[in-house]
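J.: Pasting in a structure now, in structure tokens, and then I'll have a few things to ask.
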Amino acid sequence: MSAAISLAQYVKKRTGVPLGHKDSLRNMLTRSLGASSFYLFWRYWNPVWSYYLSRYVMKPCNDIMPVWCALVVTFAVSGALHDLAVSLVKLKPLFFFTPWFTVMGALVLVSKYSQLQFSSAPWWLRALANISFIVLSYWLTSHFF
């Protein structure tokens with residue numbers, strides 16, 4: 001991500017509408033679920049969160065480690081922040097999102113480097129494939145971590 005891009009520019013690039021626009025959520029869901037790969041799913045999912053993760057985690061990590069490692073670390077940090085938020089709400093420690101998001105990061109890498117694409121599939125099938133990756137990563141995490 002370019003250091004010069006603002007949050008508003010980033011959101012518009014990902015959703016096609018300005019930050020706060022009434023169609024922002026619909027566009028994010030349509031674009032992310034209908035993405036032609038699990039890797040691209042994450043390009044469109046929650047652009048505000050992605051902006052800050054990209055700027056403050058992915059970019060600094062990418063400066064000191066290979067991009068694949070920076071990607072997994074970014075997913076793990078996102079999971080840790082989710083664990084922290086839920087732990088604060090529940091007033092008890094929780095450690096589930098960190099491994100779950102790390103598994104999702106690994107699946108992103110596997111799908112990217114194996115060049116798994118579903119671009120010729122209809123939107124509903126692309127959505128099903130992307131949701132399946134999330135469900136698979138949840139299942140793997142709940143059974144092995």
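To be explicit about the labels: the chains of the structure tokens are called A, B, and onward in the order shown, and within each one the residues are counted from 1, while ligands get numbers from 1 in the order they are shown.
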Name the residues in contact with Leu40 (chain A) at a cut-off of 12 Å, using only C-alpha atoms, excluding same-chain residues fewer than 2 positions from it; report them as a PyMOL selection string.

T.: chain A and resi 14+31-38+42-45+108-109+111-112+115-119+126-127+130

J.: Pull the alpha helix (DSSP H) assignments for region 82-111 of chain A out of DSSP run on the backbone, and list those residues as a short mmCIF file (atom, residue, chain, number, x, y, z; two decimals) with all heavy atoms, in the first residue's frame.

T.:
```cif
data_model
loop_
_atom_site.label_atom_id
_atom_site.label_comp_id
_atom_site.auth_asym_id
_atom_site.auth_seq_id
_atom_site.Cartn_x
_atom_site.Cartn_y
_atom_site.Cartn_z
N HIS A 82 -8.74 -9.40 17.92
CA HIS A 82 -10.09 -9.92 18.12
C HIS A 82 -10.18 -10.65 19.47
O HIS A 82 -11.16 -10.49 20.21
CB HIS A 82 -10.50 -10.85 16.98
CG HIS A 82 -10.93 -10.15 15.74
ND1 HIS A 82 -10.04 -9.54 14.87
CD2 HIS A 82 -12.16 -9.96 15.20
CE1 HIS A 82 -10.71 -9.03 13.86
NE2 HIS A 82 -12.00 -9.26 14.03
N ASP A 83 -9.16 -11.48 19.79
CA ASP A 83 -9.13 -12.16 21.08
C ASP A 83 -9.16 -11.16 22.24
O ASP A 83 -9.89 -11.34 23.21
CB ASP A 83 -7.88 -13.03 21.22
CG ASP A 83 -8.01 -14.39 20.55
OD1 ASP A 83 -9.15 -14.89 20.42
OD2 ASP A 83 -6.96 -14.95 20.16
N LEU A 84 -8.37 -10.11 22.11
CA LEU A 84 -8.31 -9.09 23.16
C LEU A 84 -9.67 -8.41 23.34
O LEU A 84 -10.14 -8.25 24.47
CB LEU A 84 -7.23 -8.05 22.83
CG LEU A 84 -7.10 -6.88 23.81
CD1 LEU A 84 -6.70 -7.39 25.19
CD2 LEU A 84 -6.09 -5.87 23.28
N ALA A 85 -10.31 -8.03 22.24
CA ALA A 85 -11.61 -7.36 22.33
C ALA A 85 -12.65 -8.26 22.99
O ALA A 85 -13.38 -7.81 23.89
CB ALA A 85 -12.07 -6.95 20.92
N VAL A 86 -12.71 -9.52 22.57
CA VAL A 86 -13.70 -10.44 23.15
C VAL A 86 -13.36 -10.72 24.62
O VAL A 86 -14.26 -10.79 25.47
CB VAL A 86 -13.81 -11.73 22.32
CG1 VAL A 86 -14.71 -12.75 23.00
CG2 VAL A 86 -14.30 -11.43 20.92
N SER A 87 -12.08 -10.85 24.93
CA SER A 87 -11.66 -11.08 26.31
C SER A 87 -12.08 -9.91 27.21
O SER A 87 -12.53 -10.12 28.35
CB SER A 87 -10.15 -11.27 26.41
OG SER A 87 -9.76 -12.45 25.75
N LEU A 88 -11.95 -8.70 26.72
CA LEU A 88 -12.35 -7.53 27.51
C LEU A 88 -13.87 -7.49 27.72
O LEU A 88 -14.34 -7.16 28.80
CB LEU A 88 -11.88 -6.24 26.83
CG LEU A 88 -10.38 -6.02 26.85
CD1 LEU A 88 -10.00 -4.81 25.99
CD2 LEU A 88 -9.87 -5.83 28.28
N VAL A 89 -14.61 -7.86 26.69
CA VAL A 89 -16.08 -7.87 26.80
C VAL A 89 -16.53 -8.97 27.76
O VAL A 89 -17.40 -8.75 28.60
CB VAL A 89 -16.74 -8.05 25.41
CG1 VAL A 89 -18.23 -8.34 25.54
CG2 VAL A 89 -16.51 -6.82 24.56
N LYS A 90 -15.94 -10.15 27.65
CA LYS A 90 -16.33 -11.28 28.50
C LYS A 90 -15.67 -11.26 29.87
O LYS A 90 -16.02 -12.05 30.75
CB LYS A 90 -15.98 -12.60 27.81
CG LYS A 90 -16.86 -12.90 26.62
CD LYS A 90 -16.59 -14.29 26.11
CE LYS A 90 -17.72 -14.73 25.24
NZ LYS A 90 -17.92 -16.16 25.27
N PHE A 97 -9.30 -16.69 18.31
CA PHE A 97 -9.19 -15.96 17.05
C PHE A 97 -7.75 -15.93 16.51
O PHE A 97 -7.56 -15.96 15.31
CB PHE A 97 -9.71 -14.52 17.21
CG PHE A 97 -11.20 -14.46 17.40
CD1 PHE A 97 -11.75 -14.35 18.67
CD2 PHE A 97 -12.06 -14.53 16.31
CE1 PHE A 97 -13.12 -14.30 18.85
CE2 PHE A 97 -13.43 -14.48 16.48
CZ PHE A 97 -13.97 -14.36 17.76
N THR A 98 -6.78 -15.88 17.40
CA THR A 98 -5.38 -15.85 16.93
C THR A 98 -5.04 -17.09 16.12
O THR A 98 -4.59 -16.97 14.97
CB THR A 98 -4.41 -15.65 18.10
OG1 THR A 98 -4.78 -14.45 18.80
CG2 THR A 98 -2.97 -15.54 17.61
N PRO A 99 -5.27 -18.31 16.65
CA PRO A 99 -4.98 -19.47 15.80
C PRO A 99 -5.91 -19.56 14.59
O PRO A 99 -5.47 -19.94 13.50
CB PRO A 99 -5.15 -20.67 16.73
CG PRO A 99 -5.79 -20.18 17.97
CD PRO A 99 -5.60 -18.70 18.03
N TRP A 100 -7.18 -19.20 14.75
CA TRP A 100 -8.11 -19.27 13.63
C TRP A 100 -7.67 -18.35 12.50
O TRP A 100 -7.59 -18.76 11.34
CB TRP A 100 -9.52 -18.91 14.10
CG TRP A 100 -10.58 -18.96 13.03
CD1 TRP A 100 -10.55 -19.67 11.85
CD2 TRP A 100 -11.83 -18.28 13.03
NE1 TRP A 100 -11.72 -19.46 11.13
CE2 TRP A 100 -12.52 -18.61 11.85
CE3 TRP A 100 -12.45 -17.43 13.94
CZ2 TRP A 100 -13.78 -18.12 11.54
CZ3 TRP A 100 -13.71 -16.94 13.64
CH2 TRP A 100 -14.36 -17.28 12.44
N PHE A 101 -7.34 -17.12 12.82
CA PHE A 101 -6.92 -16.18 11.77
C PHE A 101 -5.57 -16.59 11.18
O PHE A 101 -5.32 -16.37 9.99
CB PHE A 101 -6.87 -14.76 12.32
CG PHE A 101 -8.22 -14.12 12.48
CD1 PHE A 101 -9.35 -14.84 12.82
CD2 PHE A 101 -8.37 -12.76 12.30
CE1 PHE A 101 -10.59 -14.23 12.98
CE2 PHE A 101 -9.60 -12.14 12.44
CZ PHE A 101 -10.72 -12.87 12.78
N THR A 102 -4.70 -17.21 11.99
CA THR A 102 -3.43 -17.69 11.46
C THR A 102 -3.67 -18.82 10.45
O THR A 102 -3.03 -18.86 9.39
CB THR A 102 -2.52 -18.17 12.61
OG1 THR A 102 -2.35 -17.08 13.53
CG2 THR A 102 -1.17 -18.62 12.10
N VAL A 103 -4.60 -19.71 10.76
CA VAL A 103 -4.97 -20.78 9.81
C VAL A 103 -5.54 -20.16 8.53
O VAL A 103 -5.21 -20.58 7.43
CB VAL A 103 -5.96 -21.78 10.45
CG1 VAL A 103 -6.54 -22.73 9.41
CG2 VAL A 103 -5.26 -22.55 11.57
N MET A 104 -6.39 -19.13 8.68
CA MET A 104 -6.92 -18.46 7.48
C MET A 104 -5.79 -17.86 6.65
O MET A 104 -5.80 -17.95 5.42
CB MET A 104 -7.94 -17.38 7.85
CG MET A 104 -9.32 -17.93 8.07
SD MET A 104 -10.62 -16.69 8.08
CE MET A 104 -10.42 -16.00 9.71
N GLY A 105 -4.82 -17.25 7.32
CA GLY A 105 -3.67 -16.70 6.60
C GLY A 105 -2.92 -17.78 5.84
O GLY A 105 -2.51 -17.58 4.69
N ALA A 106 -2.75 -18.94 6.47
CA ALA A 106 -2.09 -20.06 5.79
C ALA A 106 -2.90 -20.52 4.58
O ALA A 106 -2.34 -20.81 3.52
CB ALA A 106 -1.86 -21.21 6.77
N LEU A 107 -4.23 -20.58 4.72
CA LEU A 107 -5.07 -20.97 3.59
C LEU A 107 -5.03 -19.93 2.47
O LEU A 107 -5.10 -20.29 1.29
CB LEU A 107 -6.52 -21.20 4.05
CG LEU A 107 -6.77 -22.48 4.84
CD1 LEU A 107 -8.21 -22.55 5.31
CD2 LEU A 107 -6.41 -23.71 4.03
N VAL A 108 -4.90 -18.68 2.83
CA VAL A 108 -4.73 -17.63 1.81
C VAL A 108 -3.47 -17.92 1.00
O VAL A 108 -3.48 -17.87 -0.23
CB VAL A 108 -4.66 -16.22 2.45
CG1 VAL A 108 -4.14 -15.19 1.46
CG2 VAL A 108 -6.03 -15.80 2.96
N LEU A 109 -2.38 -18.24 1.70
CA LEU A 109 -1.12 -18.54 1.00
C LEU A 109 -1.23 -19.79 0.14
O LEU A 109 -0.78 -19.79 -1.01
CB LEU A 109 0.01 -18.71 2.01
CG LEU A 109 0.45 -17.46 2.75
CD1 LEU A 109 1.48 -17.81 3.81
CD2 LEU A 109 1.00 -16.42 1.77
N VAL A 110 -1.84 -20.84 0.67
CA VAL A 110 -2.00 -22.07 -0.10
C VAL A 110 -2.82 -21.81 -1.35
O VAL A 110 -2.46 -22.24 -2.45
CB VAL A 110 -2.65 -23.18 0.76
CG1 VAL A 110 -3.10 -24.36 -0.09
CG2 VAL A 110 -1.69 -23.64 1.86
N SER A 111 -3.92 -21.07 -1.20
CA SER A 111 -4.77 -20.80 -2.36
C SER A 111 -4.07 -19.90 -3.37
O SER A 111 -4.21 -20.08 -4.58
CB SER A 111 -6.11 -20.20 -1.93
OG SER A 111 -5.95 -18.90 -1.41
#
```

J.: Write out as a list of chain:residue names which residues come within 12 Å of Ala4 (chain A) when counting only C-alpha atoms, dropping same-chain ones fewer than 5 positions away.

T.: A:Gln9, A:Tyr10, A:Arg55

J.: Suppose you want the space between CA of Arg26 (chain A) and CA of Ala129 (chain A); what is it in Å?

T.: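 Taking CA of Arg26 (chain A) as the start and CA of Ala129 (chain A) as the end point, the length is 18.9 Å.
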
J.: Using only C-alpha atoms for the distances, tell me which of A:Cys61, A:Ala76, A:Leu19, A:Met28 is nearest to Asn46 (chain A).

T.: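 Among the listed residues, the smallest separation from Asn46 (chain A) belongs to A:Met28.
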